[in-house]
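Participant: Contents of run37.cif (mmCIF, C-alpha atoms (C1' of nucleotides)) are below:
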```cif
data_coords
loop_
_atom_site.label_atom_id
_atom_site.label_comp_id
_atom_site.auth_asym_id
_atom_site.auth_seq_id
_atom_site.Cartn_x
_atom_site.Cartn_y
_atom_site.Cartn_z
CA MET C 1 5.65 -0.01 -8.08
CA ALA C 2 3.06 -1.75 -10.17
CA ARG C 3 0.58 1.02 -9.66
CA GLN C 4 2.16 3.17 -12.29
CA GLY C 5 5.83 2.95 -11.62
CA TYR C 6 8.06 5.61 -10.20
CA ASN C 7 8.25 7.55 -13.43
CA GLU C 8 11.92 8.31 -12.94
CA GLY C 9 14.93 8.02 -15.19
CA CYS C 10 16.91 6.61 -12.26
CA LEU C 11 18.20 3.14 -13.00
CA ALA C 12 17.36 1.83 -9.55
CA ALA C 13 13.84 3.19 -9.86
CA HIS C 14 13.49 1.46 -13.22
CA ALA C 15 14.64 -1.79 -11.67
CA LEU C 16 12.08 -1.38 -8.91
CA ASP C 17 9.40 -0.72 -11.50
CA LEU C 18 10.06 -4.27 -12.72
CA LEU C 19 10.64 -6.17 -9.48
CA GLY C 20 9.62 -3.85 -6.68
CA ASP C 21 6.21 -5.39 -6.15
CA ARG C 22 5.62 -7.35 -3.02
CA TRP C 23 6.77 -10.98 -3.44
CA ALA C 24 8.36 -10.33 -6.85
CA ILE C 25 11.97 -10.70 -5.78
CA LEU C 26 11.15 -13.75 -3.67
CA VAL C 27 9.47 -15.38 -6.65
CA LEU C 28 12.66 -14.84 -8.63
CA ARG C 29 14.59 -16.28 -5.71
CA GLU C 30 12.59 -19.50 -5.79
CA LEU C 31 13.34 -19.93 -9.48
CA MET C 32 16.96 -18.82 -9.31
CA LEU C 33 18.44 -22.33 -9.16
CA GLY C 34 16.12 -23.93 -11.70
CA PRO C 35 12.58 -24.22 -13.07
CA LYS C 36 9.66 -25.07 -10.83
CA ARG C 37 5.98 -25.75 -10.94
CA PHE C 38 3.37 -23.45 -9.46
CA GLY C 39 2.94 -25.54 -6.35
CA ALA C 40 6.65 -25.82 -5.67
CA ILE C 41 7.04 -22.06 -5.90
CA LYS C 42 4.13 -21.60 -3.56
CA ALA C 43 5.65 -24.08 -1.11
CA GLY C 44 8.75 -21.89 -0.92
CA LEU C 45 6.75 -18.76 -0.17
CA PRO C 46 4.76 -19.37 3.01
CA GLY C 47 1.90 -16.95 3.30
CA ILE C 48 1.50 -16.02 -0.34
CA ALA C 49 -2.04 -16.31 -1.69
CA SER C 50 -2.59 -18.29 -4.87
CA ASN C 51 -4.05 -15.36 -6.73
CA VAL C 52 -1.18 -13.11 -5.74
CA LEU C 53 1.34 -15.67 -6.96
CA THR C 54 -0.58 -15.98 -10.21
CA GLN C 55 -0.49 -12.22 -10.59
CA ARG C 56 3.23 -11.99 -9.89
CA LEU C 57 4.05 -14.77 -12.32
CA GLN C 58 2.04 -13.02 -14.99
CA ASP C 59 3.68 -9.67 -14.29
CA LEU C 60 7.16 -11.14 -14.32
CA ALA C 61 6.40 -13.03 -17.52
CA ALA C 62 5.05 -9.86 -19.12
CA THR C 63 8.28 -8.02 -18.38
CA GLY C 64 10.32 -10.91 -19.72
CA LEU C 65 11.90 -12.11 -16.49
CA LEU C 66 10.42 -15.58 -16.64
CA MET C 67 8.61 -17.86 -19.04
CA ARG C 68 5.98 -20.46 -18.66
CA ASP C 69 5.79 -23.78 -20.45
CA GLU C 70 3.96 -27.06 -19.92
CA THR C 71 6.29 -28.14 -17.16
CA GLY C 72 6.23 -24.97 -15.11
CA TYR C 73 8.03 -21.66 -14.83
CA ALA C 74 11.64 -20.84 -15.62
CA LEU C 75 13.67 -17.67 -15.45
CA THR C 76 14.86 -16.02 -18.62
CA ALA C 77 18.39 -14.67 -18.89
CA ALA C 78 17.11 -11.30 -17.66
CA GLY C 79 15.61 -12.99 -14.61
CA ARG C 80 18.78 -14.92 -13.82
CA GLU C 81 20.75 -11.69 -14.05
CA ALA C 82 18.84 -10.39 -11.04
CA ARG C 83 20.85 -12.71 -8.82
CA PRO C 84 23.31 -9.99 -7.73
CA VAL C 85 20.35 -8.02 -6.43
CA ILE C 86 19.29 -10.94 -4.26
CA ASP C 87 22.86 -11.52 -3.15
CA ALA C 88 23.22 -7.88 -2.13
CA LEU C 89 19.99 -8.10 -0.15
CA CYS C 90 21.28 -11.22 1.63
CA ARG C 91 24.62 -9.65 2.47
CA TRP C 92 22.90 -6.60 3.85
CA GLY C 93 20.08 -8.46 5.57
CA VAL C 94 22.39 -10.70 7.55
CA ARG C 95 23.83 -7.66 9.28
CA GLN C 96 20.50 -6.20 10.29
CA PRO C 97 19.08 -7.03 13.70
CA GLY C 98 15.80 -8.87 13.97
CA HIS C 99 16.70 -11.75 11.71
CA ASP C 100 15.24 -14.96 13.09
CA PRO C 101 16.71 -18.12 11.56
CA ARG C 102 14.05 -20.21 13.27
CA LYS C 103 11.48 -18.94 10.82
CA PHE C 104 10.90 -20.98 7.71
CA ILE C 105 13.83 -21.20 5.32
CA SER C 106 13.12 -22.52 1.85
CA PRO C 107 15.56 -24.97 0.28
CA VAL C 108 16.48 -22.50 -2.44
CA SER C 109 17.04 -19.62 -0.07
CA LEU C 110 19.33 -21.79 2.04
CA MET C 111 21.45 -22.71 -0.97
CA LEU C 112 21.59 -19.10 -2.12
CA SER C 113 22.68 -18.00 1.33
CA LEU C 114 25.43 -20.61 1.33
CA ALA C 115 26.71 -19.26 -1.98
CA VAL C 116 26.73 -15.75 -0.55
CA MET C 117 28.41 -16.64 2.75
CA TYR C 118 30.99 -18.98 1.23
CA ARG C 119 34.61 -18.23 1.99
CA PRO C 120 36.70 -19.94 -0.71
CA GLY C 121 39.11 -22.73 0.15
CA ASP C 122 41.73 -24.34 -2.04
CA ARG C 123 40.58 -27.97 -2.00
CA VAL C 124 37.67 -28.71 -4.25
CA LEU C 125 34.87 -30.41 -2.35
CA THR C 126 31.62 -31.61 -3.85
CA ALA C 127 28.51 -32.18 -1.82
CA GLY C 128 24.92 -33.25 -2.30
CA PHE C 129 22.09 -31.71 -0.35
CA ASP C 130 18.87 -33.61 0.26
CA LEU C 131 16.52 -31.04 1.72
CA GLY C 132 13.39 -33.17 1.66
CA THR C 133 11.41 -31.55 -1.10
CA GLU C 134 14.44 -30.49 -3.15
CA ARG C 135 17.90 -31.81 -3.87
CA PHE C 136 21.02 -30.01 -5.02
CA ALA C 137 24.58 -30.76 -6.00
CA ALA C 138 27.26 -28.25 -5.10
CA ARG C 139 30.90 -27.71 -5.88
CA ALA C 140 33.00 -25.73 -3.43
CA GLY C 141 36.38 -24.63 -4.72
CA PRO C 142 38.70 -21.67 -4.83
CA GLU C 143 36.42 -19.85 -7.27
CA GLY C 144 33.24 -20.02 -5.28
CA PHE C 145 30.29 -22.19 -4.40
CA ALA C 146 28.30 -23.40 -7.40
CA VAL C 147 24.90 -25.02 -6.94
CA ARG C 148 22.63 -26.81 -9.34
CA PRO C 149 19.39 -28.67 -8.78
CA CYS C 150 19.67 -32.41 -9.06
CA PRO C 151 17.23 -35.34 -9.07
CA GLU C 152 19.48 -37.08 -6.56
CA ALA C 153 21.85 -35.57 -4.03
CA LEU C 154 25.30 -36.60 -5.27
CA GLY C 155 28.84 -35.69 -4.33
CA ASP C 156 31.85 -36.65 -2.22
CA MET C 157 29.53 -36.20 0.71
CA VAL C 158 25.79 -35.87 1.24
CA PHE C 159 23.91 -33.76 3.76
CA SER C 160 20.26 -34.46 4.50
CA GLY C 161 17.64 -32.65 6.55
CA ASP C 162 15.33 -29.71 6.16
CA ALA C 163 16.70 -26.29 5.30
CA ASN C 164 16.35 -24.91 8.82
CA ALA C 165 18.34 -27.80 10.25
CA MET C 166 20.91 -27.32 7.50
CA ALA C 167 21.24 -23.67 8.48
CA VAL C 168 22.01 -24.74 12.04
CA ALA C 169 24.62 -27.20 10.76
CA PHE C 170 26.39 -24.67 8.53
CA TYR C 171 26.04 -21.48 10.54
CA GLY C 172 25.71 -22.72 14.11
CA PRO C 173 28.62 -23.03 16.54
CA GLN C 174 28.50 -26.81 17.05
CA PRO C 175 30.68 -29.28 15.13
CA LEU C 176 29.12 -31.09 12.21
CA ALA C 177 28.93 -34.33 14.17
CA ALA C 178 26.59 -32.67 16.67
CA ALA C 179 24.43 -30.94 14.07
CA PRO C 180 20.81 -32.00 13.54
CA VAL C 181 21.35 -33.24 10.00
CA GLY C 182 22.19 -36.50 8.32
CA PHE C 183 25.68 -36.82 6.91
CA ARG C 184 27.32 -39.39 4.71
CA GLY C 185 30.96 -39.11 3.69
CA ASP C 186 34.30 -38.37 5.25
CA PRO C 187 33.72 -36.53 8.53
CA GLY C 188 36.91 -34.50 8.15
CA ASP C 189 35.90 -33.33 4.69
CA GLY C 190 32.44 -32.52 5.95
CA GLN C 191 33.78 -30.39 8.77
CA ALA C 192 36.23 -28.72 6.38
CA LEU C 193 33.36 -27.75 4.11
CA VAL C 194 31.17 -26.49 6.92
CA ASP C 195 34.05 -24.37 8.21
CA ARG C 196 34.05 -22.39 4.98
CA PHE C 197 30.70 -20.80 5.77
CA VAL C 198 30.57 -17.84 8.10
CA LEU C 199 27.37 -15.96 8.66
CA GLY C 200 27.86 -12.30 8.03
CA ARG C 201 30.76 -12.25 5.64
CA MET R 1 6.54 -5.89 3.41
CA ALA R 2 5.55 -3.54 6.17
CA ARG R 3 2.18 -5.16 6.40
CA GLN R 4 3.49 -7.97 8.52
CA GLY R 5 6.70 -8.96 6.88
CA TYR R 6 7.40 -12.13 5.00
CA ASN R 7 7.89 -14.20 8.12
CA GLU R 8 10.81 -16.08 6.60
CA GLY R 9 14.26 -16.89 7.86
CA CYS R 10 15.63 -16.05 4.40
CA LEU R 11 18.14 -13.22 4.57
CA ALA R 12 16.80 -11.53 1.45
CA ALA R 13 13.28 -11.69 2.86
CA HIS R 14 14.50 -10.12 6.08
CA ALA R 15 16.14 -7.35 4.11
CA LEU R 16 12.90 -6.76 2.24
CA ASP R 17 11.03 -6.64 5.54
CA LEU R 18 13.12 -3.57 6.33
CA LEU R 19 13.32 -1.80 2.99
CA GLY R 20 10.84 -3.50 0.71
CA ASP R 21 8.10 -0.93 1.13
CA ARG R 22 7.27 1.27 -1.77
CA TRP R 23 9.59 4.32 -1.90
CA ALA R 24 11.82 3.03 0.92
CA ILE R 25 14.87 2.26 -1.20
CA LEU R 26 14.50 5.51 -3.12
CA VAL R 27 14.39 7.46 0.13
CA LEU R 28 17.66 5.81 1.12
CA ARG R 29 19.01 6.67 -2.30
CA GLU R 30 18.29 10.37 -1.82
CA LEU R 31 20.18 10.35 1.47
CA MET R 32 23.02 8.13 0.30
CA LEU R 33 25.44 10.98 -0.45
CA GLY R 34 24.63 13.13 2.56
CA PRO R 35 21.93 14.48 4.89
CA LYS R 36 18.92 16.34 3.55
CA ARG R 37 15.89 18.19 4.71
CA PHE R 38 12.33 16.94 4.16
CA GLY R 39 11.72 19.23 1.23
CA ALA R 40 14.95 18.29 -0.52
CA ILE R 41 14.15 14.59 -0.23
CA LYS R 42 10.68 15.22 -1.59
CA ALA R 43 12.13 17.17 -4.51
CA GLY R 44 14.18 14.12 -5.48
CA LEU R 45 11.15 11.83 -5.45
CA PRO R 46 8.64 13.20 -7.93
CA GLY R 47 5.19 11.86 -7.24
CA ILE R 48 5.58 10.95 -3.60
CA ALA R 49 2.90 12.33 -1.30
CA SER R 50 3.94 14.23 1.80
CA ASN R 51 2.24 11.85 4.16
CA VAL R 52 3.80 8.83 2.49
CA LEU R 53 7.26 10.36 2.78
CA THR R 54 6.58 11.14 6.43
CA GLN R 55 5.56 7.55 6.98
CA ARG R 56 8.63 6.14 5.24
CA LEU R 57 10.98 8.38 7.16
CA GLN R 58 9.39 7.26 10.40
CA ASP R 59 9.56 3.59 9.42
CA LEU R 60 13.19 3.82 8.36
CA ALA R 61 14.07 5.71 11.53
CA ALA R 62 12.28 3.08 13.61
CA THR R 63 14.37 0.32 12.05
CA GLY R 64 17.54 2.31 12.59
CA LEU R 65 18.41 3.09 8.98
CA LEU R 66 18.24 6.85 9.38
CA MET R 67 18.07 9.47 12.08
CA ARG R 68 16.40 12.81 12.35
CA ASP R 69 17.81 15.93 13.93
CA GLU R 70 17.05 19.64 13.79
CA THR R 71 18.71 20.04 10.41
CA GLY R 72 17.02 17.16 8.63
CA TYR R 73 17.53 13.46 8.03
CA ALA R 74 20.74 11.48 7.79
CA LEU R 75 21.49 7.81 7.19
CA THR R 76 22.97 5.71 9.95
CA ALA R 77 25.80 3.28 9.25
CA ALA R 78 23.19 0.58 8.61
CA GLY R 79 21.49 2.81 6.07
CA ARG R 80 24.73 3.64 4.27
CA GLU R 81 25.53 -0.06 4.10
CA ALA R 82 22.51 -0.53 1.84
CA ARG R 83 24.41 1.12 -0.99
CA PRO R 84 25.43 -2.19 -2.61
CA VAL R 85 21.75 -3.03 -2.88
CA ILE R 86 21.09 0.18 -4.79
CA ASP R 87 24.17 -0.37 -6.93
CA ALA R 88 23.01 -3.88 -7.82
CA LEU R 89 19.60 -2.52 -8.78
CA CYS R 90 21.26 0.09 -11.02
CA ARG R 91 23.51 -2.44 -12.71
CA TRP R 92 20.56 -4.69 -13.37
CA GLY R 93 18.12 -1.94 -14.27
CA VAL R 94 20.34 -0.46 -16.96
CA ARG R 95 20.15 -3.72 -18.88
CA GLN R 96 16.37 -3.97 -18.79
CA PRO R 97 14.35 -2.56 -21.67
CA GLY R 98 11.92 0.24 -21.05
CA HIS R 99 14.32 2.56 -19.32
CA ASP R 100 13.64 6.13 -20.38
CA PRO R 101 16.44 8.56 -19.52
CA ARG R 102 14.22 11.48 -20.48
CA LYS R 103 12.22 11.00 -17.32
CA PHE R 104 13.26 12.96 -14.28
CA ILE R 105 16.68 12.11 -12.87
CA SER R 106 17.50 13.43 -9.43
CA PRO R 107 20.95 14.87 -8.77
CA VAL R 108 21.77 12.11 -6.31
CA SER R 109 20.64 9.32 -8.60
CA LEU R 110 22.79 10.73 -11.40
CA MET R 111 25.88 10.77 -9.18
CA LEU R 112 25.18 7.25 -7.94
CA SER R 113 24.78 6.03 -11.49
CA LEU R 114 28.11 7.62 -12.43
CA ALA R 115 29.79 5.76 -9.58
CA VAL R 116 28.25 2.51 -10.78
CA MET R 117 29.07 2.97 -14.46
CA TYR R 118 32.61 4.24 -13.88
CA ARG R 119 35.41 2.40 -15.63
CA PRO R 120 38.61 3.20 -13.75
CA GLY R 121 41.44 5.11 -15.40
CA ASP R 122 44.97 5.67 -14.17
CA ARG R 123 45.10 9.47 -14.07
CA VAL R 124 43.37 11.01 -11.09
CA LEU R 125 40.85 13.62 -12.18
CA THR R 126 38.75 15.74 -9.86
CA ALA R 127 35.54 17.38 -10.93
CA GLY R 128 32.82 19.53 -9.48
CA PHE R 129 29.19 19.09 -10.43
CA ASP R 130 26.73 21.96 -10.16
CA LEU R 131 23.34 20.36 -10.74
CA GLY R 132 21.24 23.38 -9.88
CA THR R 133 19.73 22.36 -6.56
CA GLU R 134 22.72 20.28 -5.45
CA ARG R 135 26.48 20.38 -5.85
CA PHE R 136 29.04 17.60 -5.56
CA ALA R 137 32.76 17.11 -5.71
CA ALA R 138 34.10 13.91 -7.23
CA ARG R 139 37.44 12.18 -7.51
CA ALA R 140 37.97 9.74 -10.37
CA GLY R 141 41.04 7.56 -10.06
CA PRO R 142 42.19 3.98 -10.49
CA GLU R 143 40.27 2.89 -7.40
CA GLY R 144 36.88 4.20 -8.36
CA PHE R 145 34.69 7.24 -8.47
CA ALA R 146 34.17 8.89 -5.07
CA VAL R 147 31.50 11.54 -4.61
CA ARG R 148 30.73 13.84 -1.74
CA PRO R 149 28.24 16.68 -1.43
CA CYS R 150 29.79 20.11 -1.44
CA PRO R 151 28.53 23.65 -0.87
CA GLU R 152 30.38 24.70 -4.01
CA ALA R 153 31.29 22.61 -7.05
CA LEU R 154 35.08 22.43 -6.92
CA GLY R 155 37.72 20.45 -8.80
CA ASP R 156 40.10 20.49 -11.73
CA MET R 157 37.01 20.96 -13.83
CA VAL R 158 33.38 21.88 -13.25
CA PHE R 159 30.26 20.64 -14.99
CA SER R 160 27.00 22.52 -14.66
CA GLY R 161 23.46 21.77 -15.76
CA ASP R 162 20.54 19.69 -14.55
CA ALA R 163 20.91 15.99 -13.96
CA ASN R 164 19.12 14.96 -17.15
CA ALA R 165 21.43 17.12 -19.24
CA MET R 166 24.40 15.70 -17.35
CA ALA R 167 23.22 12.18 -18.19
CA VAL R 168 23.23 13.13 -21.87
CA ALA R 169 26.74 14.53 -21.54
CA PHE R 170 28.16 11.47 -19.79
CA TYR R 171 26.22 8.67 -21.44
CA GLY R 172 25.29 10.11 -24.82
CA PRO R 173 27.28 9.57 -28.01
CA GLN R 174 28.24 13.20 -28.65
CA PRO R 175 31.58 14.72 -27.59
CA LEU R 176 31.60 16.80 -24.45
CA ALA R 177 31.90 20.02 -26.43
CA ALA R 178 28.54 19.33 -28.05
CA ALA R 179 26.78 18.31 -24.86
CA PRO R 180 24.01 20.44 -23.34
CA VAL R 181 25.95 21.27 -20.17
CA GLY R 182 28.26 23.99 -19.00
CA PHE R 183 31.92 23.09 -18.69
CA ARG R 184 34.88 24.88 -17.19
CA GLY R 185 38.36 23.41 -17.25
CA ASP R 186 40.68 21.68 -19.69
CA PRO R 187 38.59 20.28 -22.57
CA GLY R 188 40.93 17.31 -23.03
CA ASP R 189 40.65 16.37 -19.37
CA GLY R 190 36.89 16.80 -19.51
CA GLN R 191 36.60 14.48 -22.49
CA ALA R 192 38.96 11.99 -20.82
CA LEU R 193 36.73 11.90 -17.78
CA VAL R 194 33.53 11.56 -19.75
CA ASP R 195 35.05 8.68 -21.70
CA ARG R 196 35.36 6.65 -18.53
CA PHE R 197 31.60 6.27 -18.22
CA VAL R 198 29.84 3.62 -20.24
CA LEU R 199 26.18 2.91 -19.75
CA GLY R 200 25.61 -0.75 -19.11
CA ARG R 201 28.66 -1.85 -17.24
"C1'" DC U 1 -3.82 -31.29 -7.69
"C1'" DG U 2 -2.37 -27.44 -10.58
"C1'" DG U 3 -3.82 -23.13 -12.13
"C1'" DC U 4 -6.75 -19.35 -12.21
"C1'" DA U 5 -11.03 -16.41 -11.54
"C1'" DT U 6 -14.12 -14.11 -8.22
"C1'" DC U 7 -15.65 -11.87 -4.04
"C1'" DC U 8 -14.67 -9.42 0.09
"C1'" DG U 9 -12.36 -6.97 4.25
"C1'" DG U 10 -8.46 -4.43 5.84
"C1'" DG U 11 -4.98 -1.41 5.20
"C1'" DA U 12 -1.38 0.95 2.63
"C1'" DA U 13 -0.66 4.42 -0.90
"C1'" DG U 14 -2.32 8.62 -3.47
"C1'" DA U 15 -4.35 13.25 -3.60
"C1'" DT U 16 -5.51 17.32 -1.48
"C1'" DA U 17 -6.43 20.56 2.01
"C1'" DC U 18 -4.97 22.42 6.05
"C1'" DT U 19 -1.95 24.00 10.18
"C1'" DG U 20 2.18 26.01 12.78
"C1'" DC A 1 8.86 24.80 4.77
"C1'" DA A 2 7.55 20.79 7.21
"C1'" DG A 3 4.70 18.19 7.98
"C1'" DT A 4 -0.65 16.60 9.65
"C1'" DA A 5 -5.53 15.37 8.68
"C1'" DT A 6 -8.81 13.50 5.81
"C1'" DC A 7 -10.78 11.14 2.11
"C1'" DT A 8 -10.44 8.08 -1.77
"C1'" DT A 9 -8.43 4.43 -4.36
"C1'" DC A 10 -6.93 -0.04 -4.91
"C1'" DC A 11 -3.52 -3.62 -3.77
"C1'" DC A 12 -2.88 -7.45 -0.79
"C1'" DG A 13 -4.47 -11.38 1.80
"C1'" DG A 14 -7.76 -14.99 2.52
"C1'" DA A 15 -11.54 -17.87 1.24
"C1'" DT A 16 -14.04 -20.09 -2.08
"C1'" DG A 17 -15.08 -22.26 -6.32
"C1'" DC A 18 -14.38 -23.67 -11.20
"C1'" DC A 19 -12.02 -26.35 -14.60
"C1'" DG A 20 -8.93 -29.76 -16.73
#
```
Could you take the file, read its structure, and then write that structure out as structure tokens?
Facilitator:
Amino acid sequence: MARQGYNEGCLAAHALDLLGDRWAILVLRELMLGPKRFGAIKAGLPGIASNVLTQRLQDLAATGLLMRDETGYALTAAGREARPVIDALCRWGVRQPGHDPRKFISPVSLMLSLAVMYRPGDRVLTAGFDLGTERFAARAGPEGFAVRPCPEALGDMVFSGDANAMAVAFYGPQPLAAAPVGFRGDPGDGQALVDRFVLGR
Amino acid sequence: MARQGYNEGCLAAHALDLLGDRWAILVLRELMLGPKRFGAIKAGLPGIASNVLTQRLQDLAATGLLMRDETGYALTAAGREARPVIDALCRWGVRQPGHDPRKFISPVSLMLSLAVMYRPGDRVLTAGFDLGTERFAARAGPEGFAVRPCPEALGDMVFSGDANAMAVAFYGPQPLAAAPVGFRGDPGDGQALVDRFVLGR
DNA sequence: CGGCATCCGGGAAGATACTG
DNA sequence: CAGTATCTTCCCGGATGCCG
């Protein structure tokens, strides 16, 4: 990919020329819901070496997918537009055997997976998510599941816990009351929200 | 990717564990419309080394995305289900600067791009494509653009020429009559079909 | 601590020659 | 034609250190 590219006129090959390098798509994933600093990106990518992350950020900046400023790194419009690629990977990946949800799940990747697995419901429900290192506010309505980063987890209800525990709560078989996460709000509303997420839709 | 995987519970990361290796997605692309022999796959991937292709085919077979038999290689259901990933890459890639349609376009990647860029029309039109080394039959209707490989290019009309010329005919600004491809059939129908394809949709 | 450069070992990818 | 064997190249991963 980076070596010299695929040298094809194929559109998919061109896309892979830009984000086919190892870690590249996952770096975009970490920035997909909002800007981050170097360390926060690294924290969402267990196993990446500092120099490799530096290299990826430079590559992605050079191709115009993200920009750097004093406060950190942020996707450009072109970078944000790669979200359907990540969504397609998630939808496909969930059907492939070998997936182990006990492995580390980053806060951003959990929220992106929720957006992908959401099955719309009529009532609009808002929820805050306090995932330890990151907080989000979400709105679940008939149109979809919209997430934005937030200094404080706000909404009709608030879920708290790490992303792996949150995955158990939203995708596991047990009722919300028995899930290993904190919950504040109306229990019926909470269960109604959780019921809208089905792994593998 | 293959090295040891990303070791994440993220669904996108899991997907990339399976098809994030260099060339892997493009190998799936070449098989997306039907089975092929080793040499035919290689012909659609300019620049790939024989041993690398061998390795990829083995990897993808080991993860259950394709199977080998006496006549060549064919995708499994899991492999075919990766098509939305390729489509998403195409849709994103066409919007990114630097794409050079003069570079080699494989017959399969042209047909896949047509399916992605198709804007549905009410009248059902069928067309055959004779791209030199490969032939396809397509049906363009209100539901979409369906392609299947075919020993002979059959349909209400037939286009012939290499894939790069076909890309000029379908995506270029000139009328079909002035395009560098062979055409047999009703010129009005041919132009009507070509008009349904807009690069960047 | 955030960000980045440098050095090194292992291993994948590239190129080419060779075999059935 | 369909790969296999071999050699080279160089990216990735990990450790370390520098600088603000």
Participant: Pick the closest to chain C from U:DG14, U:DG2, U:DG20, U:DG9: which is it, counting all atoms listed in the file?
Facilitator: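 For chain C, the nearest of the given residues is U:DG2.
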Participant: Taking all atoms listed in the file into account, find every residue of chain C that has an atom no more than 8 Å from chain A, and write it out as an mmCIF file with C-alpha atoms, in the frame of the given file.
Facilitator:
```
data_model
loop_
_atom_site.group_PDB
_atom_site.id
_atom_site.type_symbol
_atom_site.label_atom_id
_atom_site.label_comp_id
_atom_site.auth_asym_id
_atom_site.auth_seq_id
_atom_site.Cartn_x
_atom_site.Cartn_y
_atom_site.Cartn_z
ATOM 1 C CA ILE C 48 1.500 -16.020 -0.340
ATOM 2 C CA ALA C 49 -2.040 -16.310 -1.690
ATOM 3 C CA VAL C 52 -1.180 -13.110 -5.740
#
```
Participant: Can you list, as a VMD selection string, every protein, DNA or RNA residue that comes within 6 Å of segment 65-67 of chain C when you count only C-alpha atoms (C1' of nucleotides), leaving out same-chain residues fewer than 5 positions away?
Facilitator: chain C and resid 60 73 to 76 78 to 79
Participant: I'd like the interatomic distance between atom CA of Asn51 of chain C and atom C1' of DC7 of chain U, to a tenth of an Å.
Facilitator: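 Separation of atom CA of Asn51 of chain C and atom C1' of DC7 of chain U: 12.4 Å.
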Participant: If we count all atoms listed in the file, which residues of chain R reach to within 6 Å of chain C? Please list them as a PyMOL selection string.
Facilitator: chain R and resi 8-12+14-15+85+88-90+93-94+100-101+103-105+109
Participant: Would you put the residues from that selection into a file with C-alpha atoms, as a compact mmCIF listing (two decimals), keeping the file's coordinate frame?
Facilitator:
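The file below, again26.txt, is the result:
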```
# COMPACT_ATOMS: atom_id res chain seq x y z
CA GLU R 8 10.81 -16.08 6.60
CA GLY R 9 14.26 -16.89 7.86
CA CYS R 10 15.63 -16.05 4.40
CA LEU R 11 18.14 -13.22 4.57
CA ALA R 12 16.80 -11.53 1.45
CA HIS R 14 14.50 -10.12 6.08
CA ALA R 15 16.14 -7.35 4.11
CA VAL R 85 21.75 -3.03 -2.88
CA ALA R 88 23.01 -3.88 -7.82
CA LEU R 89 19.60 -2.52 -8.78
CA CYS R 90 21.26 0.09 -11.02
CA GLY R 93 18.12 -1.94 -14.27
CA VAL R 94 20.34 -0.46 -16.96
CA ASP R 100 13.64 6.13 -20.38
CA PRO R 101 16.44 8.56 -19.52
CA LYS R 103 12.22 11.00 -17.32
CA PHE R 104 13.26 12.96 -14.28
CA ILE R 105 16.68 12.11 -12.87
CA SER R 109 20.64 9.32 -8.60
```
Participant: List as JSON lines every residue of chain U that is in contact with chain C, defined as an atom at most 9 Å from one of its atoms (using all atoms listed in the file), together with the nearest atom pair and the distance in Å rounded to one decimal, sorted by chain and then rising number.
Facilitator:
```
{"residue": "U:DC1", "atom": "C1'", "partner": "C:Gly39", "partner_atom": "CA", "distance": 9.0}
{"residue": "U:DG2", "atom": "C1'", "partner": "C:Gly39", "partner_atom": "CA", "distance": 7.0}
{"residue": "U:DG3", "atom": "C1'", "partner": "C:Phe38", "partner_atom": "CA", "distance": 7.7}
{"residue": "U:DC4", "atom": "C1'", "partner": "C:Asn51", "partner_atom": "CA", "distance": 7.3}
{"residue": "U:DA5", "atom": "C1'", "partner": "C:Asn51", "partner_atom": "CA", "distance": 8.5}
```
Participant: Work out how far atom CA of Ala140 of chain R is from atom CA of Gly200 of chain R, in Å to one decimal.
Facilitator: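 Atom-to-atom, atom CA of Gly200 of chain R to atom CA of Ala140 of chain R, that is 18.4 Å.
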